[in-house]
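**Q** Below you'll find the structure I mean.
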Amino acid sequence: MPKLAANLSTLFTELDFLERFAAARAAGFRYVEYQFPYAAPADDLARRARDAGVQVVLHNLPAGDASKGERGLACLPGREAHFREGVERAIAYAKAVGCPRLNCLAGLAPADARHFDTLAANVRYAARRLGEVGIQLVLEPINTRSVPGFFLTGSRQAIDVLNAAGEGNAFLQYDVFHMQIMEGDLAATLERLLARIAHVQIADVPDRHEPGSGEINFDFLLAHLDRIGYAGWVGCEYNPRGDTLKGLTWAKPYL
């Protein structure tokens, strides 16, 4: 049975962010994740998660200045100091809520050796630093239809970066939505890379809505994750077509 985590950045957006912890638990979720928690005090997040009785299982490292269009810092030469500051900030938030893993976003850049080397070096640094405090690092490829110009766009490229970083505490975050768009062959890729994957996220294609709204067979795919022995969390990072609760009918067998 997959361990579903509600992504509070995309689900229950009818409510203020801090109210979404309790809403997720009332809907049947025992686990939550979110993208960027940094607008709220870490202690407030910890209290809301504790009061709701949910475990936070993932959030992102800071991704730079969104007002300037930044979508990650990890592949950008010259931004290493800012990246490392972000690692420390993310650690503080993760420790406050007991979050066991942090996601690294590469950023926008041309696909060249200079950016690859910078990304590998930053992944190496972050994996070592997070390992010191018992937190896992994951690295996420993202599709270029949703985020044009994103540097890291496929599972093979991500594995190349992880191999170059050479750290046992760095893993792949496999987002089904992004990877269906960029490469397809989801079931075989999940099975082949199972030992390298530490977190899975789901949304249907083409419009990033709930499972059952598009082209992916999630009944098959979620059962496949069980068959191959995936024991991690499955983050529900999709944009509901309407009311979040009404759109959760697909999830009832798993909650």
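Going by the structure tokens order, chains are called A, B, ..., each with residues numbered from 1, while ligands are numbered from 1 in the order shown.
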Extract the full set of alpha helix (DSSP H) residues from range 160-241 of chain A according to DSSP on the backbone, and format it as a PyMOL selection string.
**A** chain A and resi 160-165+176-182+186-192+218-228
**Q** Output the selection as a short mmCIF file (atom, residue, chain, number, x, y, z; two decimals), in the first residue's frame - C-alpha atoms for each residue.
**A**
```
data_model
loop_
_atom_site.label_atom_id
_atom_site.label_comp_id
_atom_site.auth_asym_id
_atom_site.auth_seq_id
_atom_site.Cartn_x
_atom_site.Cartn_y
_atom_site.Cartn_z
CA ASP A 160 24.82 11.06 -14.04
CA VAL A 161 24.89 13.99 -11.61
CA LEU A 162 24.46 11.70 -8.59
CA ASN A 163 27.24 9.46 -9.84
CA ALA A 164 29.53 12.45 -10.36
CA ALA A 165 28.72 13.71 -6.85
CA VAL A 176 5.83 10.88 -12.41
CA PHE A 177 4.30 14.01 -13.97
CA HIS A 178 7.63 15.44 -15.11
CA MET A 179 9.04 12.12 -16.25
CA GLN A 180 5.96 11.07 -18.25
CA ILE A 181 6.33 14.27 -20.24
CA MET A 182 10.09 14.01 -20.72
CA LEU A 186 7.48 5.00 -16.13
CA ALA A 187 7.09 1.46 -14.80
CA ALA A 188 10.34 0.14 -16.25
CA THR A 189 12.30 3.20 -15.16
CA LEU A 190 10.97 3.05 -11.60
CA GLU A 191 11.95 -0.61 -11.39
CA ARG A 192 15.38 -0.08 -12.93
CA PHE A 218 -2.35 5.15 -11.65
CA ASP A 219 -4.14 2.00 -10.52
CA PHE A 220 -1.44 0.07 -12.34
CA LEU A 221 1.43 2.38 -11.37
CA LEU A 222 0.73 2.48 -7.63
CA ALA A 223 0.31 -1.31 -7.57
CA HIS A 224 3.57 -1.56 -9.51
CA LEU A 225 5.39 0.43 -6.82
CA ASP A 226 4.19 -2.15 -4.29
CA ARG A 227 5.22 -5.04 -6.54
CA ILE A 228 8.78 -3.79 -6.97
#
```
**Q** So which residues touch range 34-45 of chain A within 9 Å, counting only C-alpha atoms, skipping near sequence neighbours fewer than 5 positions away, as a PyMOL selection string?
**A** chain A and resi 6-10+17-18+21+50+56-63+89-90+92-94+96-97+103+237
**Q** Need the shell around range 66-81 of chain A: protein/DNA/RNA residues with any atom at most 7 Å away, counting only C-alpha atoms. Skip same-chain ones fewer than 4 positions apart. Format as a PyMOL selection string?
**A** chain A and resi 85+105-108+115-116+118-119+122
**Q** Okay, now the selection with N, CA, C and O atoms, as a CSV table (one decimal), in the first residue's frame?
**A**
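Saved as result18.csv:
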```csv
chain,number,residue,atom,x,y,z
A,85,GLU,N,24.1,28.8,2.0
A,85,GLU,CA,23.2,29.4,3.0
A,85,GLU,C,21.9,28.8,3.0
A,85,GLU,O,21.2,28.6,4.1
A,105,LEU,N,16.7,21.6,-6.2
A,105,LEU,CA,16.3,22.1,-7.5
A,105,LEU,C,17.5,22.7,-8.2
A,105,LEU,O,18.2,23.6,-7.7
A,106,ALA,N,17.8,22.2,-9.4
A,106,ALA,CA,19.0,22.5,-10.1
A,106,ALA,C,19.0,24.0,-10.5
A,106,ALA,O,20.0,24.7,-10.4
A,107,GLY,N,17.9,24.4,-11.1
A,107,GLY,CA,17.8,25.8,-11.6
A,107,GLY,C,17.8,25.9,-13.1
A,107,GLY,O,17.8,24.9,-13.9
A,108,LEU,N,17.7,27.1,-13.7
A,108,LEU,CA,17.6,27.4,-15.1
A,108,LEU,C,19.0,27.6,-15.6
A,108,LEU,O,19.7,28.5,-15.1
A,115,HIS,N,27.8,23.9,-16.0
A,115,HIS,CA,26.7,23.9,-15.0
A,115,HIS,C,26.5,22.5,-14.4
A,115,HIS,O,26.2,22.3,-13.3
A,116,PHE,N,26.9,21.4,-15.2
A,116,PHE,CA,26.9,20.1,-14.7
A,116,PHE,C,27.8,19.9,-13.5
A,116,PHE,O,27.5,19.4,-12.5
A,118,THR,N,29.1,22.3,-11.6
A,118,THR,CA,28.6,23.0,-10.5
A,118,THR,C,27.5,22.3,-9.7
A,118,THR,O,27.5,22.2,-8.5
A,119,LEU,N,26.6,21.7,-10.5
A,119,LEU,CA,25.5,21.0,-9.8
A,119,LEU,C,26.1,19.8,-9.0
A,119,LEU,O,25.7,19.5,-7.9
A,122,ASN,N,27.7,21.0,-5.8
A,122,ASN,CA,26.7,21.4,-4.8
A,122,ASN,C,26.0,20.2,-4.2
A,122,ASN,O,25.7,20.2,-3.0
```
**Q** Compare A:Tyr174, A:Phe150, A:Phe12, A:Phe29 by their minimum atom-to-atom distance to Ala251 in chain A, counting only C-alpha atoms, and give me the closest one.
**A**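 Checking each of A:Tyr174, A:Phe150, A:Phe12, A:Phe29 against Ala251 in chain A, counting only C-alpha atoms, the winner is A:Phe29.
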**Q** Write out as a PyMOL selection string each polymer residue whose atoms come within 10 Å of Ala231 in chain A, counting only C-alpha atoms; drop sequence neighbours fewer than 4 positions from it.
**A** chain A and resi 1-3+194+198-199+225-226
**Q** When distances are computed from only C-alpha atoms, which of A:Ala170, A:Lys95, A:Ser146, A:Lys246 shows the smallest separation from Val205 in chain A?
**A**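 With only C-alpha atoms as the atom set, the closest residue is A:Ser146.
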**Q** What residues in range 19-83 of chain A get the DSSP label strand (DSSP E)? Please answer as a list in words.
**A** Tyr31, Val32, Glu33, Gln55, Val56, Val57, Leu58, His59 and Asn60 of chain A
**Q** So that I can see what lies close to Gly149 in chain A, please list as a list in words the residues with an atom at most 9 Å from it, counting only C-alpha atoms and leaving out residues fewer than 3 positions away in the same chain.
**A** Gly107, Leu108, Ala109, Pro110, Ala111, Thr144 and Arg145 of chain A
**Q** For Cys236 in chain A, which residue among A:Ala158, A:Asp185, A:Arg48, A:Leu4 is the nearest when counting only C-alpha atoms?
**A**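 Closest to Cys236 in chain A of all the choices is A:Leu4.
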**Q** One decimal, Å: what's the distance from CA of Lys252 in chain A over to CA of Asp16 in chain A, could you say?
**A**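 Calculated distance between CA of Lys252 in chain A and CA of Asp16 in chain A is 23.9 Å.
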**Q** Skip range 126-139 of chain A itself and residues of its chain fewer than 6 positions away, then list as a list in words all residues within 6 Å of it, counting only C-alpha atoms.
**A**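 Those residues are Pro100, Arg101, Leu102, Asn103, Cys104, Asn169, Ala170, Phe171, Leu172 and Gln173 of chain A.
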**Q** Please produce an output containing all heavy atoms for each residue in the selection, written as a PDB file, in the first residue's frame.
**A**
```
ATOM      1  N   PRO A 100      12.630  14.291   7.205  1.00  0.00           N
ATOM      2  CA  PRO A 100      13.801  13.444   6.979  1.00  0.00           C
ATOM      3  C   PRO A 100      14.515  13.634   5.648  1.00  0.00           C
ATOM      4  O   PRO A 100      15.562  13.033   5.429  1.00  0.00           O
ATOM      5  CB  PRO A 100      13.216  12.034   7.050  1.00  0.00           C
ATOM      6  CG  PRO A 100      11.826  12.194   6.508  1.00  0.00           C
ATOM      7  CD  PRO A 100      11.369  13.546   6.976  1.00  0.00           C
ATOM      8  N   ARG A 101      13.943  14.454   4.715  1.00  0.00           N
ATOM      9  CA  ARG A 101      14.616  14.608   3.427  1.00  0.00           C
ATOM     10  C   ARG A 101      14.312  15.984   2.835  1.00  0.00           C
ATOM     11  O   ARG A 101      13.247  16.561   3.065  1.00  0.00           O
ATOM     12  CB  ARG A 101      14.242  13.498   2.441  1.00  0.00           C
ATOM     13  CG  ARG A 101      12.839  13.511   1.922  1.00  0.00           C
ATOM     14  CD  ARG A 101      12.511  12.262   1.131  1.00  0.00           C
ATOM     15  NE  ARG A 101      12.983  11.058   1.801  1.00  0.00           N
ATOM     16  CZ  ARG A 101      12.361  10.508   2.862  1.00  0.00           C
ATOM     17  NH1 ARG A 101      11.259  11.054   3.345  1.00  0.00           N
ATOM     18  NH2 ARG A 101      12.841   9.429   3.435  1.00  0.00           N
ATOM     19  N   LEU A 102      15.283  16.472   2.059  1.00  0.00           N
ATOM     20  CA  LEU A 102      15.183  17.767   1.408  1.00  0.00           C
ATOM     21  C   LEU A 102      15.450  17.603  -0.077  1.00  0.00           C
ATOM     22  O   LEU A 102      16.343  16.846  -0.484  1.00  0.00           O
ATOM     23  CB  LEU A 102      16.185  18.758   2.003  1.00  0.00           C
ATOM     24  CG  LEU A 102      15.960  19.142   3.463  1.00  0.00           C
ATOM     25  CD1 LEU A 102      17.145  19.941   4.000  1.00  0.00           C
ATOM     26  CD2 LEU A 102      14.675  19.942   3.611  1.00  0.00           C
ATOM     27  N   ASN A 103      14.695  18.333  -0.893  1.00  0.00           N
ATOM     28  CA  ASN A 103      14.792  18.240  -2.341  1.00  0.00           C
ATOM     29  C   ASN A 103      15.597  19.403  -2.899  1.00  0.00           C
ATOM     30  O   ASN A 103      15.379  20.562  -2.545  1.00  0.00           O
ATOM     31  CB  ASN A 103      13.385  18.244  -2.951  1.00  0.00           C
ATOM     32  CG  ASN A 103      13.419  18.140  -4.464  1.00  0.00           C
ATOM     33  OD1 ASN A 103      14.233  17.426  -5.029  1.00  0.00           O
ATOM     34  ND2 ASN A 103      12.524  18.855  -5.128  1.00  0.00           N
ATOM     35  N   CYS A 104      16.524  19.070  -3.793  1.00  0.00           N
ATOM     36  CA  CYS A 104      17.382  20.062  -4.430  1.00  0.00           C
ATOM     37  C   CYS A 104      16.890  20.356  -5.841  1.00  0.00           C
ATOM     38  O   CYS A 104      16.705  19.430  -6.645  1.00  0.00           O
ATOM     39  CB  CYS A 104      18.811  19.521  -4.472  1.00  0.00           C
ATOM     40  SG  CYS A 104      19.995  20.609  -5.310  1.00  0.00           S
ATOM     41  N   ASN A 169      24.486   9.646   0.318  1.00  0.00           N
ATOM     42  CA  ASN A 169      23.313  10.305   0.909  1.00  0.00           C
ATOM     43  C   ASN A 169      22.550  11.148  -0.107  1.00  0.00           C
ATOM     44  O   ASN A 169      21.736  11.982   0.266  1.00  0.00           O
ATOM     45  CB  ASN A 169      23.732  11.172   2.100  1.00  0.00           C
ATOM     46  CG  ASN A 169      22.543  11.673   2.900  1.00  0.00           C
ATOM     47  OD1 ASN A 169      21.596  10.930   3.152  1.00  0.00           O
ATOM     48  ND2 ASN A 169      22.576  12.943   3.288  1.00  0.00           N
ATOM     49  N   ALA A 170      22.790  10.957  -1.393  1.00  0.00           N
ATOM     50  CA  ALA A 170      22.084  11.711  -2.440  1.00  0.00           C
ATOM     51  C   ALA A 170      21.318  10.731  -3.325  1.00  0.00           C
ATOM     52  O   ALA A 170      21.889   9.758  -3.827  1.00  0.00           O
ATOM     53  CB  ALA A 170      23.074  12.510  -3.277  1.00  0.00           C
ATOM     54  N   PHE A 171      20.037  11.011  -3.519  1.00  0.00           N
ATOM     55  CA  PHE A 171      19.137  10.100  -4.224  1.00  0.00           C
ATOM     56  C   PHE A 171      18.311  10.864  -5.256  1.00  0.00           C
ATOM     57  O   PHE A 171      18.324  12.095  -5.306  1.00  0.00           O
ATOM     58  CB  PHE A 171      18.207   9.405  -3.225  1.00  0.00           C
ATOM     59  CG  PHE A 171      18.904   8.504  -2.254  1.00  0.00           C
ATOM     60  CD1 PHE A 171      19.424   9.014  -1.076  1.00  0.00           C
ATOM     61  CD2 PHE A 171      19.059   7.159  -2.517  1.00  0.00           C
ATOM     62  CE1 PHE A 171      20.086   8.197  -0.167  1.00  0.00           C
ATOM     63  CE2 PHE A 171      19.717   6.328  -1.628  1.00  0.00           C
ATOM     64  CZ  PHE A 171      20.230   6.848  -0.444  1.00  0.00           C
ATOM     65  N   LEU A 172      17.565  10.113  -6.034  1.00  0.00           N
ATOM     66  CA  LEU A 172      16.685  10.670  -7.060  1.00  0.00           C
ATOM     67  C   LEU A 172      15.280  10.861  -6.499  1.00  0.00           C
ATOM     68  O   LEU A 172      14.746   9.980  -5.831  1.00  0.00           O
ATOM     69  CB  LEU A 172      16.630   9.714  -8.253  1.00  0.00           C
ATOM     70  CG  LEU A 172      15.667  10.046  -9.398  1.00  0.00           C
ATOM     71  CD1 LEU A 172      16.057  11.343 -10.078  1.00  0.00           C
ATOM     72  CD2 LEU A 172      15.635   8.895 -10.411  1.00  0.00           C
ATOM     73  N   GLN A 173      14.712  12.027  -6.763  1.00  0.00           N
ATOM     74  CA  GLN A 173      13.278  12.219  -6.564  1.00  0.00           C
ATOM     75  C   GLN A 173      12.610  12.055  -7.926  1.00  0.00           C
ATOM     76  O   GLN A 173      12.888  12.820  -8.851  1.00  0.00           O
ATOM     77  CB  GLN A 173      12.968  13.601  -5.988  1.00  0.00           C
ATOM     78  CG  GLN A 173      11.468  13.851  -5.856  1.00  0.00           C
ATOM     79  CD  GLN A 173      11.163  15.088  -5.039  1.00  0.00           C
ATOM     80  OE1 GLN A 173      11.595  15.216  -3.908  1.00  0.00           O
ATOM     81  NE2 GLN A 173      10.424  16.019  -5.617  1.00  0.00           N
TER      82      GLN A 173
END
```
**Q** What gap, in Å, lies between CA of Gly235 in chain A and CA of Leu11 in chain A?
**A** 10.9 Å
**Q** In terms of the shortest atom-to-atom distance over only C-alpha atoms, which of A:Ala52, A:Tyr31, A:Val123, A:Arg241 is closest to Glu19 in chain A?
**A** A:Ala52
**Q** Work out how far CA of Asp175 in chain A is from CA of Val200 in chain A, in Å to one decimal.
**A** 5.6 Å
